[in-house]
Number of protein chains: 2
Amino acid sequence: MKKTAFIDIGSNSFTLVICEYEEETNYRIIDVLKKSVRLGDMNKKGFLSDEKISLAIETLKMFKNLCVGSEVNDIKAVATEAVRKAKNQEEFLLEVKKETDIEITVLTGEMEAFYDYLGVMNTMDAKDGILMDIGGSSTEIVYIKNKKIKESVSLPFGAITITRDFDLKDKLTKKQEEDITEYVIKQLNSVKWMKSVKEPILIGVGGSIRNIGKIHRKRVNYMLNLEHNYKLGNEQVFEIFDLVKSKTFLQRKNVRGLSESRVDIIVGALTAVVATMKYFKTKDMLISGKGLRDGLIYERVLGSKIPMNNPLNFSINNILINNNLKINHANQIYQITKALYYFLEDISEFEDEKYDRILKSAAFLHDCGININYDKRKAHSAYLILNIDINGMNHNEIIQTALAIDAEENGDIKKKYFKYKKMLDKKDIENLKKLSILLRIAESLDRSATQSVKAVSCEILDDKFKVGVQSDRNIDFEIKDAMNYNDIFASIFKIEMEIYKI
Amino acid sequence: MKKTAFIDIGSNSFTLVICEYEEETNYRIIDVLKKSVRLGDMNKKGFLSDEKISLAIETLKMFKNLCVGSEVNDIKAVATEAVRKAKNQEEFLLEVKKETDIEITVLTGEMEAFYDYLGVMNTMDAKDGILMDIGGSSTEIVYIKNKKIKESVSLPFGAITITRDFDLKDKLTKKQEEDITEYVIKQLNSVKWMKSVKEPILIGVGGSIRNIGKIHRKRVNYMLNLEHNYKLGNEQVFEIFDLVKSKTFLQRKNVRGLSESRVDIIVGALTAVVATMKYFKTKDMLISGKGLRDGLIYERVLGSKIPMNNPLNFSINNILINNNLKINHANQIYQITKALYYFLEDISEFEDEKYDRILKSAAFLHDCGININYDKRKAHSAYLILNIDINGMNHNEIIQTALAIDAEENGDIKKKYFKYKKMLDKKDIENLKKLSILLRIAESLDRSATQSVKAVSCEILDDKFKVGVQSDRNIDFEIKDAMNYNDIFASIFKIEMEIYKI
């Protein structure tokens, strides 16, 4: 395993992430260290103050120490807007190099936007949209079309600078709100290509936006404990804005979910976000838990500046490896389940791609909880799926994946999942019933976990669904085990099943 | 990894368990297949009927098939009372060998009792007691003293034979209850050594007894989903007995937790258990989820017929390996936490051994949920601990281990654990506060996960708790990280802490 440390020297905070990885294959985060430095609080002349430089170096020494202790030699450190625009940048970089031996790469606005994009594209199932990363003193906006960067820009305002420049302290006055909005719109208007983007989905990146998501999740007692891929309608964002802007600094401290280190700057961030959403007329904001740092990680792990075609595939593989699970067996369950489902539905893939994703993740991760307890592995697998942050699936798909695995034998959703029912439509439930029984049949057909079935062929003959399984072994047991599900199968698919060896 | 299949040919059901293991180190169960055969239903002359023999062979062929498919060459098959006493035993064994090539070892009653004992002693923290395994047609009773078998016996009655011989069908009549009790007492009285055992704890083994536990857990909505180590007072067992014996066969089908395949024989089993508990004047029954099969597994994995000294150590190591965790780091956290705690409490070990066990398991498993999600690893570690079936700890200790890991920084038990509070006494809570803060200090001191701290020495000097840490590296970071807990430490231990490198 290789180890790399990624250091993100932001305008608000410094973050160190240490990863362990096999190139192109898998990785896991083994340490995270975050310190609020507020480097973006520059003096009026645009210089990093001696005080901030000392604090920055002290923090980086600490990071370096942890890297050395953790036997990490490869350190990738990047700085964004605060260092980018500091008039004493060169002096700062030399000082850091001298004191810590860390070489900082100062990202251009464009590079920063690029890494945001790379982090998001490798962890979300998104093709198009406007990515907005509001940081401490800059905001990156990327126009993504068909998974490619069509345009990108870094604008010189952020949560800290707005808070400082518009002197935000307690409740937001009407005047302040108007002034900030006017300022943000002016900034957006200064970028030609913006006008041509029509009602895009907004992909929100960065700590302030993640915090908006967290406040909302607390407000509605959201059922999943996941921040990545949380979706908010514009009305919901406006509601959070109204909640926060009408409170004094002290009152804001009691807003559930609002992180202590953002009590001061959240109002500035939200004003800019709301102005931007209104500018673009976006209807929804998809919150990304991933961003710049993940872009750096994926660049290193994958050795590529091009986003993966399929983040879900990588994510599933990563989960299987990190949790010491059998990949060949998982893949076999997927191949069999897919063959059966596609034949029965007479498709080569689902019209709605989400069902493809659910089938794939449920099949590959059908037993991911096996190391917790064999007998209760289905329930534990569902727990893992609901908590493990699978990339490339939205929350609804994650829930359906868990339900497909832990459904009752007849495809019914267990009582304990009742709370998720309202998130599912009729078609979802129909699909879950079918998928869960086919998963069990596939599990029976690779019960030995040794891939004894080499191929599966399906046909409808004499009013029966006939499954020929090819194998160079005796697979009477596997067939009999699978045939135990015939009654349930027939009740769901309205046809009898027959499995035989060819 | 080696693979072995264990086949248990019982009087009630046949069970196949396939294990993957490294000798003397770790194992995991990768498949379980169970079929109700009811071999104990012999004809009056004591012969296994042709029908039963066919069913047995069909089942064993299925097991064998799964073994072959799973690439398991090593099959260990044992049979108990039904085969032991069958007059056509030899014919049965030959037939099985011919049809399936499986060699069955017919266990003597003594050997059966021994494997029960080995399974229990390797998975429970128990030194003394009466082990009772009520099977389909025999009951093993083992008198354990200081972890050794002092006496053991196999008695020729079980859940199936009692049900048949006393013609149990619907509600249990007073006459039937008296007859069975008299019969069981007579059997017990026939064993000389029994009389000398005074009020032992009863360790209950076997499917019927596990089912009693399950019924009770459902009745009280028990907070843990663990069957092994569940403790019932005699009044609680009697209560389940009253509940079950007063119902008709059909009514019993609705008893929550009562397994479908035991609706008929549970009354017989319970009558015998209650009679035995009364005979011994036991106050508590500790239900073992492990027994004969686990004895066979441990004999093979450990290569020993002597129980481990410390099941907890093995179990922790097993969890670390199966879940792809760092053992050296886990051990380091244990060593440091222990050094600090023992010095502060001025002990070499706790008077109450449970606190030793909690400290050890919490330290070793402090990050076992890290592969689920790094940021929420503490909560996920707690989930794993509450569900993973750690051997050698009782449920109270398991809960405390989870709480120590997932406690708030100030040692408070999180709101979500409120439900467990009633299970803890003042001393437990006191201990949790101390343990949780020391765990965090230890984690800081091995934050790099590379064991840079070589030794820790403690002293009280100038009204301070001084911790000297020895290292051949710069460990400023680790020390500073640990010192972040000084305020909380001081509020709990009423003394300031100072950590320095020596």
# chains A, B, ... in the order shown; residues from 1 in each chain; ligands from 1
>>> select_by_dssp(residues="segment 127-308 of chain B", states="alpha helix (DSSP H)", output="JSON, numbers by chain")
{"B": [159, 160, 161, 162, 163, 164, 165, 174, 175, 176, 177, 178, 179, 180, 181, 182, 183, 184, 185, 186, 187, 188, 189, 207, 208, 209, 210, 211, 212, 213, 214, 215, 216, 217, 218, 219, 234, 235, 236, 237, 238, 239, 240, 241, 242, 243, 244, 245, 249, 250, 251, 252, 266, 267, 268, 269, 270, 271, 272, 273, 274, 275, 276, 277, 278, 279, 280, 292, 293, 294, 295, 296, 297, 298, 299, 300, 301, 302]}
>>> interface_residues(of="chain B", to="chain A", cutoff="8 Å", atoms="only C-alpha atoms", output="PyMOL selection string")
chain B and resi 28-31+62+65-67+69-71+322-324+371-374+384+387-389+447-450+452+473-478
>>> residues_around(residues="segment 138-152 of chain B", least_positions_apart="3", cutoff="8 Å", atoms="only C-alpha atoms", output="PDB file with N, CA, C and O atoms, in the first residue's frame")
ATOM      1  N   GLU B  81     -26.884 -38.731  19.796  1.00  0.00           N
ATOM      2  CA  GLU B  81     -27.746 -39.759  20.368  1.00  0.00           C
ATOM      3  C   GLU B  81     -28.557 -40.607  19.374  1.00  0.00           C
ATOM      4  O   GLU B  81     -28.594 -41.828  19.503  1.00  0.00           O
ATOM      5  N   GLY B 109     -21.584 -40.310  24.492  1.00  0.00           N
ATOM      6  CA  GLY B 109     -22.202 -39.249  25.292  1.00  0.00           C
ATOM      7  C   GLY B 109     -21.133 -38.374  25.927  1.00  0.00           C
ATOM      8  O   GLY B 109     -21.270 -37.150  26.012  1.00  0.00           O
ATOM      9  N   GLU B 110     -20.075 -39.002  26.358  1.00  0.00           N
ATOM     10  CA  GLU B 110     -18.994 -38.262  27.001  1.00  0.00           C
ATOM     11  C   GLU B 110     -18.305 -37.294  26.030  1.00  0.00           C
ATOM     12  O   GLU B 110     -18.006 -36.156  26.374  1.00  0.00           O
ATOM     13  N   GLU B 112     -19.653 -36.041  23.345  1.00  0.00           N
ATOM     14  CA  GLU B 112     -20.605 -34.983  23.016  1.00  0.00           C
ATOM     15  C   GLU B 112     -20.557 -33.898  24.100  1.00  0.00           C
ATOM     16  O   GLU B 112     -20.498 -32.699  23.806  1.00  0.00           O
ATOM     17  N   ALA B 113     -20.587 -34.364  25.347  1.00  0.00           N
ATOM     18  CA  ALA B 113     -20.499 -33.423  26.476  1.00  0.00           C
ATOM     19  C   ALA B 113     -19.188 -32.632  26.394  1.00  0.00           C
ATOM     20  O   ALA B 113     -19.151 -31.432  26.650  1.00  0.00           O
ATOM     21  N   PHE B 114     -18.119 -33.319  26.010  1.00  0.00           N
ATOM     22  CA  PHE B 114     -16.829 -32.651  25.914  1.00  0.00           C
ATOM     23  C   PHE B 114     -16.840 -31.527  24.875  1.00  0.00           C
ATOM     24  O   PHE B 114     -16.357 -30.422  25.119  1.00  0.00           O
ATOM     25  N   TYR B 117     -18.690 -28.577  26.068  1.00  0.00           N
ATOM     26  CA  TYR B 117     -17.824 -27.882  27.026  1.00  0.00           C
ATOM     27  C   TYR B 117     -16.762 -27.057  26.296  1.00  0.00           C
ATOM     28  O   TYR B 117     -16.544 -25.878  26.604  1.00  0.00           O
ATOM     29  N   MET B 121     -16.526 -23.093  26.657  1.00  0.00           N
ATOM     30  CA  MET B 121     -15.363 -22.533  27.363  1.00  0.00           C
ATOM     31  C   MET B 121     -14.523 -21.626  26.468  1.00  0.00           C
ATOM     32  O   MET B 121     -13.838 -20.740  26.950  1.00  0.00           O
ATOM     33  N   ALA B 126     -16.516 -18.023  31.614  1.00  0.00           N
ATOM     34  CA  ALA B 126     -17.139 -18.794  32.691  1.00  0.00           C
ATOM     35  C   ALA B 126     -16.101 -19.752  33.249  1.00  0.00           C
ATOM     36  O   ALA B 126     -15.302 -20.303  32.495  1.00  0.00           O
ATOM     37  N   LYS B 127     -16.115 -19.907  34.556  1.00  0.00           N
ATOM     38  CA  LYS B 127     -15.148 -20.823  35.175  1.00  0.00           C
ATOM     39  C   LYS B 127     -15.852 -22.050  35.733  1.00  0.00           C
ATOM     40  O   LYS B 127     -15.331 -23.147  35.689  1.00  0.00           O
ATOM     41  N   ASP B 128     -17.026 -21.798  36.310  1.00  0.00           N
ATOM     42  CA  ASP B 128     -17.726 -22.865  37.016  1.00  0.00           C
ATOM     43  C   ASP B 128     -19.193 -22.881  36.609  1.00  0.00           C
ATOM     44  O   ASP B 128     -19.752 -21.866  36.232  1.00  0.00           O
ATOM     45  N   GLY B 129     -19.791 -24.045  36.756  1.00  0.00           N
ATOM     46  CA  GLY B 129     -21.226 -24.116  36.504  1.00  0.00           C
ATOM     47  C   GLY B 129     -21.637 -25.488  36.009  1.00  0.00           C
ATOM     48  O   GLY B 129     -20.806 -26.394  35.863  1.00  0.00           O
ATOM     49  N   ILE B 130     -22.927 -25.608  35.805  1.00  0.00           N
ATOM     50  CA  ILE B 130     -23.458 -26.825  35.200  1.00  0.00           C
ATOM     51  C   ILE B 130     -23.860 -26.482  33.781  1.00  0.00           C
ATOM     52  O   ILE B 130     -24.670 -25.589  33.555  1.00  0.00           O
ATOM     53  N   LEU B 131     -23.245 -27.186  32.834  1.00  0.00           N
ATOM     54  CA  LEU B 131     -23.631 -26.999  31.436  1.00  0.00           C
ATOM     55  C   LEU B 131     -24.712 -28.024  31.138  1.00  0.00           C
ATOM     56  O   LEU B 131     -24.568 -29.203  31.474  1.00  0.00           O
ATOM     57  N   MET B 132     -25.794 -27.574  30.532  1.00  0.00           N
ATOM     58  CA  MET B 132     -26.874 -28.498  30.158  1.00  0.00           C
ATOM     59  C   MET B 132     -27.194 -28.303  28.683  1.00  0.00           C
ATOM     60  O   MET B 132     -27.580 -27.217  28.270  1.00  0.00           O
ATOM     61  N   ASP B 133     -27.005 -29.366  27.925  1.00  0.00           N
ATOM     62  CA  ASP B 133     -27.343 -29.303  26.500  1.00  0.00           C
ATOM     63  C   ASP B 133     -28.495 -30.241  26.248  1.00  0.00           C
ATOM     64  O   ASP B 133     -28.329 -31.460  26.214  1.00  0.00           O
ATOM     65  N   ILE B 134     -29.685 -29.662  26.067  1.00  0.00           N
ATOM     66  CA  ILE B 134     -30.814 -30.533  25.781  1.00  0.00           C
ATOM     67  C   ILE B 134     -31.023 -30.612  24.279  1.00  0.00           C
ATOM     68  O   ILE B 134     -31.292 -29.617  23.604  1.00  0.00           O
ATOM     69  N   GLY B 135     -30.760 -31.783  23.751  1.00  0.00           N
ATOM     70  CA  GLY B 135     -30.884 -32.000  22.316  1.00  0.00           C
ATOM     71  C   GLY B 135     -32.203 -32.656  21.979  1.00  0.00           C
ATOM     72  O   GLY B 135     -33.177 -32.557  22.734  1.00  0.00           O
ATOM     73  N   LEU B 155     -27.580 -38.107  29.324  1.00  0.00           N
ATOM     74  CA  LEU B 155     -28.805 -38.783  29.745  1.00  0.00           C
ATOM     75  C   LEU B 155     -29.713 -39.022  28.543  1.00  0.00           C
ATOM     76  O   LEU B 155     -29.772 -38.188  27.636  1.00  0.00           O
ATOM     77  N   PRO B 156     -30.420 -40.147  28.542  1.00  0.00           N
ATOM     78  CA  PRO B 156     -31.129 -40.561  27.318  1.00  0.00           C
ATOM     79  C   PRO B 156     -32.502 -39.927  27.131  1.00  0.00           C
ATOM     80  O   PRO B 156     -33.461 -40.609  26.790  1.00  0.00           O
ATOM     81  N   PHE B 157     -32.629 -38.662  27.415  1.00  0.00           N
ATOM     82  CA  PHE B 157     -33.899 -37.998  27.077  1.00  0.00           C
ATOM     83  C   PHE B 157     -33.593 -36.662  26.402  1.00  0.00           C
ATOM     84  O   PHE B 157     -32.538 -36.067  26.627  1.00  0.00           O
ATOM     85  N   GLY B 158     -34.524 -36.223  25.588  1.00  0.00           N
ATOM     86  CA  GLY B 158     -34.345 -34.949  24.901  1.00  0.00           C
ATOM     87  C   GLY B 158     -35.702 -34.388  24.523  1.00  0.00           C
ATOM     88  O   GLY B 158     -36.740 -34.986  24.830  1.00  0.00           O
ATOM     89  N   TRP B 193     -22.766 -37.975  41.320  1.00  0.00           N
ATOM     90  CA  TRP B 193     -22.100 -36.701  41.611  1.00  0.00           C
ATOM     91  C   TRP B 193     -23.027 -35.494  41.611  1.00  0.00           C
ATOM     92  O   TRP B 193     -22.706 -34.447  42.144  1.00  0.00           O
ATOM     93  N   PRO B 307      -9.422 -25.807  26.430  1.00  0.00           N
ATOM     94  CA  PRO B 307      -9.966 -24.476  26.121  1.00  0.00           C
ATOM     95  C   PRO B 307      -8.917 -23.398  26.274  1.00  0.00           C
ATOM     96  O   PRO B 307      -7.980 -23.524  27.067  1.00  0.00           O
TER      97      PRO B 307
END
>>> atom_distance(atom1="atom CA of Ser304 of chain B", atom2="atom CA of Glu23 of chain B")
10.7 Å
>>> closest_residue(among="B:Leu250, B:Val255, B:Ile306, B:Leu188", to="Arg219 of chain B", atoms="only C-alpha atoms")
B:Val255
>>> atom_distance(atom1="atom CA of Ala404 of chain B", atom2="atom CA of Ile215 of chain A")
27.9 Å
>>> residues_around(residues="segment 52-55 of chain A", least_positions_apart="3", cutoff="10 Å", atoms="only C-alpha atoms", output="PyMOL selection string")
chain A and resi 36-42+47-49+58-61+91-93+95-96
>>> write_last_selection(atoms="N, CA and C atoms", output="PDB file, in the first residue's frame")
ATOM      1  N   SER A  36      -8.875  25.426  11.977  1.00  0.00           N
ATOM      2  CA  SER A  36      -9.377  26.702  11.484  1.00  0.00           C
ATOM      3  C   SER A  36      -8.244  27.710  11.593  1.00  0.00           C
ATOM      4  N   VAL A  37      -7.802  28.263  10.471  1.00  0.00           N
ATOM      5  CA  VAL A  37      -6.684  29.225  10.483  1.00  0.00           C
ATOM      6  C   VAL A  37      -7.161  30.613  10.047  1.00  0.00           C
ATOM      7  N   ARG A  38      -8.180  30.629   9.201  1.00  0.00           N
ATOM      8  CA  ARG A  38      -8.734  31.888   8.692  1.00  0.00           C
ATOM      9  C   ARG A  38      -7.665  32.746   7.999  1.00  0.00           C
ATOM     10  N   LEU A  39      -6.928  32.109   7.141  1.00  0.00           N
ATOM     11  CA  LEU A  39      -5.872  32.795   6.412  1.00  0.00           C
ATOM     12  C   LEU A  39      -6.458  33.897   5.526  1.00  0.00           C
ATOM     13  N   GLY A  40      -7.721  33.739   5.171  1.00  0.00           N
ATOM     14  CA  GLY A  40      -8.389  34.733   4.321  1.00  0.00           C
ATOM     15  C   GLY A  40      -8.589  36.086   4.988  1.00  0.00           C
ATOM     16  N   ASP A  41      -8.439  36.136   6.310  1.00  0.00           N
ATOM     17  CA  ASP A  41      -8.530  37.406   7.047  1.00  0.00           C
ATOM     18  C   ASP A  41      -7.269  38.228   6.816  1.00  0.00           C
ATOM     19  N   MET A  42      -7.083  38.760   5.638  1.00  0.00           N
ATOM     20  CA  MET A  42      -5.841  39.496   5.378  1.00  0.00           C
ATOM     21  C   MET A  42      -5.960  40.955   5.815  1.00  0.00           C
ATOM     22  N   PHE A  47      -1.911  41.772   2.458  1.00  0.00           N
ATOM     23  CA  PHE A  47      -0.784  40.965   2.932  1.00  0.00           C
ATOM     24  C   PHE A  47      -1.253  39.971   4.005  1.00  0.00           C
ATOM     25  N   LEU A  48      -0.664  38.793   3.974  1.00  0.00           N
ATOM     26  CA  LEU A  48      -0.870  37.872   5.099  1.00  0.00           C
ATOM     27  C   LEU A  48      -0.108  38.472   6.273  1.00  0.00           C
ATOM     28  N   SER A  49      -0.785  38.602   7.409  1.00  0.00           N
ATOM     29  CA  SER A  49      -0.127  39.220   8.565  1.00  0.00           C
ATOM     30  C   SER A  49       0.896  38.254   9.172  1.00  0.00           C
ATOM     31  N   GLU A  58       2.822  27.066  12.149  1.00  0.00           N
ATOM     32  CA  GLU A  58       2.625  26.179  13.301  1.00  0.00           C
ATOM     33  C   GLU A  58       1.716  25.009  12.922  1.00  0.00           C
ATOM     34  N   THR A  59       0.643  25.326  12.194  1.00  0.00           N
ATOM     35  CA  THR A  59      -0.303  24.278  11.769  1.00  0.00           C
ATOM     36  C   THR A  59       0.362  23.305  10.800  1.00  0.00           C
ATOM     37  N   LEU A  60       1.123  23.855   9.855  1.00  0.00           N
ATOM     38  CA  LEU A  60       1.765  22.976   8.871  1.00  0.00           C
ATOM     39  C   LEU A  60       2.864  22.124   9.499  1.00  0.00           C
ATOM     40  N   LYS A  61       3.525  22.686  10.517  1.00  0.00           N
ATOM     41  CA  LYS A  61       4.523  21.866  11.243  1.00  0.00           C
ATOM     42  C   LYS A  61       3.834  20.673  11.897  1.00  0.00           C
ATOM     43  N   GLU A  91       7.146  35.242  -0.166  1.00  0.00           N
ATOM     44  CA  GLU A  91       7.769  35.223   1.160  1.00  0.00           C
ATOM     45  C   GLU A  91       7.153  34.096   2.018  1.00  0.00           C
ATOM     46  N   PHE A  92       5.824  34.000   1.933  1.00  0.00           N
ATOM     47  CA  PHE A  92       5.104  32.967   2.704  1.00  0.00           C
ATOM     48  C   PHE A  92       5.535  31.558   2.277  1.00  0.00           C
ATOM     49  N   LEU A  93       5.593  31.347   0.965  1.00  0.00           N
ATOM     50  CA  LEU A  93       5.956  30.017   0.469  1.00  0.00           C
ATOM     51  C   LEU A  93       7.378  29.639   0.881  1.00  0.00           C
ATOM     52  N   GLU A  95       9.050  30.789   3.453  1.00  0.00           N
ATOM     53  CA  GLU A  95       9.038  30.588   4.902  1.00  0.00           C
ATOM     54  C   GLU A  95       8.511  29.176   5.251  1.00  0.00           C
ATOM     55  N   VAL A  96       7.438  28.806   4.589  1.00  0.00           N
ATOM     56  CA  VAL A  96       6.870  27.466   4.826  1.00  0.00           C
ATOM     57  C   VAL A  96       7.877  26.396   4.442  1.00  0.00           C
TER      58      VAL A  96
END
>>> select_by_dssp(residues="segment 96-297 of chain B", states="strand (DSSP E or B)", output="ChimeraX atom specification")
/B:104-106,129-134,139-145,148-155,202-205,230-233,284-287
>>> write_last_selection(atoms="N, CA and C atoms", output="JSON list (two decimals), in the first residue's frame")
[["chain", "number", "residue", "atom", "x", "y", "z"],
["B", 104, "ILE", "N", -18.75, -40.77, 9.19],
["B", 104, "ILE", "CA", -19.34, -40.17, 10.39],
["B", 104, "ILE", "C", -18.67, -40.72, 11.64],
["B", 105, "THR", "N", -18.28, -39.82, 12.52],
["B", 105, "THR", "CA", -17.82, -40.24, 13.84],
["B", 105, "THR", "C", -19.01, -40.20, 14.78],
["B", 106, "VAL", "N", -19.35, -41.35, 15.34],
["B", 106, "VAL", "CA", -20.45, -41.36, 16.31],
["B", 106, "VAL", "C", -19.87, -40.99, 17.66],
["B", 129, "GLY", "N", -19.79, -24.05, 36.76],
["B", 129, "GLY", "CA", -21.23, -24.12, 36.50],
["B", 129, "GLY", "C", -21.64, -25.49, 36.01],
["B", 130, "ILE", "N", -22.93, -25.61, 35.80],
["B", 130, "ILE", "CA", -23.46, -26.83, 35.20],
["B", 130, "ILE", "C", -23.86, -26.48, 33.78],
["B", 131, "LEU", "N", -23.24, -27.19, 32.83],
["B", 131, "LEU", "CA", -23.63, -27.00, 31.44],
["B", 131, "LEU", "C", -24.71, -28.02, 31.14],
["B", 132, "MET", "N", -25.79, -27.57, 30.53],
["B", 132, "MET", "CA", -26.87, -28.50, 30.16],
["B", 132, "MET", "C", -27.19, -28.30, 28.68],
["B", 133, "ASP", "N", -27.01, -29.37, 27.92],
["B", 133, "ASP", "CA", -27.34, -29.30, 26.50],
["B", 133, "ASP", "C", -28.50, -30.24, 26.25],
["B", 134, "ILE", "N", -29.69, -29.66, 26.07],
["B", 134, "ILE", "CA", -30.81, -30.53, 25.78],
["B", 134, "ILE", "C", -31.02, -30.61, 24.28],
["B", 139, "THR", "N", -29.55, -35.55, 26.64],
["B", 139, "THR", "CA", -29.23, -34.33, 27.36],
["B", 139, "THR", "C", -27.87, -34.53, 28.00],
["B", 140, "GLU", "N", -26.94, -33.63, 27.65],
["B", 140, "GLU", "CA", -25.62, -33.73, 28.26],
["B", 140, "GLU", "C", -25.56, -32.77, 29.43],
["B", 141, "ILE", "N", -24.99, -33.27, 30.51],
["B", 141, "ILE", "CA", -24.80, -32.40, 31.67],
["B", 141, "ILE", "C", -23.33, -32.48, 32.08],
["B", 142, "VAL", "N", -22.71, -31.31, 32.16],
["B", 142, "VAL", "CA", -21.29, -31.26, 32.47],
["B", 142, "VAL", "C", -21.10, -30.38, 33.71],
["B", 143, "TYR", "N", -20.38, -30.89, 34.65],
["B", 143, "TYR", "CA", -20.07, -30.11, 35.84],
["B", 143, "TYR", "C", -18.68, -29.51, 35.63],
["B", 144, "ILE", "N", -18.65, -28.19, 35.50],
["B", 144, "ILE", "CA", -17.39, -27.51, 35.20],
["B", 144, "ILE", "C", -16.87, -26.82, 36.45],
["B", 145, "LYS", "N", -15.63, -27.07, 36.76],
["B", 145, "LYS", "CA", -15.04, -26.39, 37.90],
["B", 145, "LYS", "C", -13.68, -25.87, 37.49],
["B", 148, "LYS", "N", -12.40, -26.70, 34.12],
["B", 148, "LYS", "CA", -12.14, -28.10, 33.74],
["B", 148, "LYS", "C", -13.42, -28.92, 33.92],
["B", 149, "ILE", "N", -13.50, -30.01, 33.17],
["B", 149, "ILE", "CA", -14.63, -30.91, 33.37],
["B", 149, "ILE", "C", -14.38, -31.71, 34.63],
["B", 150, "LYS", "N", -15.29, -31.55, 35.59],
["B", 150, "LYS", "CA", -15.14, -32.34, 36.81],
["B", 150, "LYS", "C", -15.91, -33.65, 36.65],
["B", 151, "GLU", "N", -17.10, -33.54, 36.11],
["B", 151, "GLU", "CA", -17.91, -34.72, 35.83],
["B", 151, "GLU", "C", -18.71, -34.44, 34.57],
["B", 152, "SER", "N", -19.12, -35.50, 33.89],
["B", 152, "SER", "CA", -20.06, -35.27, 32.80],
["B", 152, "SER", "C", -20.87, -36.53, 32.55],
["B", 153, "VAL", "N", -22.05, -36.32, 31.98],
["B", 153, "VAL", "CA", -22.92, -37.46, 31.73],
["B", 153, "VAL", "C", -23.84, -37.13, 30.55],
["B", 154, "SER", "N", -24.23, -38.15, 29.84],
["B", 154, "SER", "CA", -25.23, -37.96, 28.79],
["B", 154, "SER", "C", -26.45, -38.77, 29.18],
["B", 155, "LEU", "N", -27.58, -38.11, 29.32],
["B", 155, "LEU", "CA", -28.81, -38.78, 29.74],
["B", 155, "LEU", "C", -29.71, -39.02, 28.54],
["B", 202, "LEU", "N", -26.52, -22.24, 35.64],
["B", 202, "LEU", "CA", -26.78, -23.21, 34.59],
["B", 202, "LEU", "C", -26.41, -22.58, 33.25],
["B", 203, "ILE", "N", -25.52, -23.23, 32.53],
["B", 203, "ILE", "CA", -25.16, -22.75, 31.19],
["B", 203, "ILE", "C", -25.94, -23.57, 30.18],
["B", 204, "GLY", "N", -26.91, -22.94, 29.54],
["B", 204, "GLY", "CA", -27.82, -23.68, 28.66],
["B", 204, "GLY", "C", -27.32, -23.71, 27.23],
["B", 205, "VAL", "N", -27.34, -24.92, 26.65],
["B", 205, "VAL", "CA", -26.82, -25.11, 25.29],
["B", 205, "VAL", "C", -27.89, -25.79, 24.44],
["B", 230, "TYR", "N", -26.88, -14.52, 26.83],
["B", 230, "TYR", "CA", -28.10, -13.89, 27.37],
["B", 230, "TYR", "C", -28.42, -14.56, 28.71],
["B", 231, "LYS", "N", -28.69, -13.77, 29.72],
["B", 231, "LYS", "CA", -28.88, -14.30, 31.07],
["B", 231, "LYS", "C", -30.34, -14.20, 31.50],
["B", 232, "LEU", "N", -30.85, -15.29, 32.04],
["B", 232, "LEU", "CA", -32.22, -15.31, 32.54],
["B", 232, "LEU", "C", -32.24, -15.78, 33.99],
["B", 233, "GLY", "N", -32.96, -15.08, 34.84],
["B", 233, "GLY", "CA", -33.17, -15.57, 36.20],
["B", 233, "GLY", "C", -34.14, -16.75, 36.15],
["B", 284, "ASP", "N", -29.76, -18.68, 38.12],
["B", 284, "ASP", "CA", -29.66, -18.05, 36.80],
["B", 284, "ASP", "C", -29.31, -19.06, 35.73],
["B", 285, "MET", "N", -29.82, -18.77, 34.54],
["B", 285, "MET", "CA", -29.40, -19.56, 33.40],
["B", 285, "MET", "C", -28.72, -18.61, 32.41],
["B", 286, "LEU", "N", -27.53, -18.99, 31.99],
["B", 286, "LEU", "CA", -26.80, -18.21, 31.01],
["B", 286, "LEU", "C", -26.93, -18.98, 29.71],
["B", 287, "ILE", "N", -27.50, -18.34, 28.71],
["B", 287, "ILE", "CA", -27.73, -19.06, 27.47],
["B", 287, "ILE", "C", -26.51, -18.95, 26.57]]
>>> atom_distance(atom1="atom CA of Gly257 of chain A", atom2="atom CA of Val244 of chain A")
11.7 Å
>>> closest_residue(among="A:Ile399, A:Val120, A:Leu439, A:Leu312", to="Lys422 of chain A", atoms="only C-alpha atoms")
A:Ile399
>>> residues_around(residues="segment 358-360 of chain A", least_positions_apart="6", cutoff="9 Å", atoms="only C-alpha atoms", output="list in words")
Leu312, Asn313, Tyr334, Gln335, Thr337, Lys338, Tyr341, Met393, Glu397, Ile398, Gln400, Thr401, Ala404, Leu435 and Leu439 of chain A
>>> residues_around(residues="Phe249 of chain B", least_positions_apart="4", cutoff="7 Å", atoms="only C-alpha atoms", output="PyMOL selection string")
chain B and resi 169-170+253+263-264
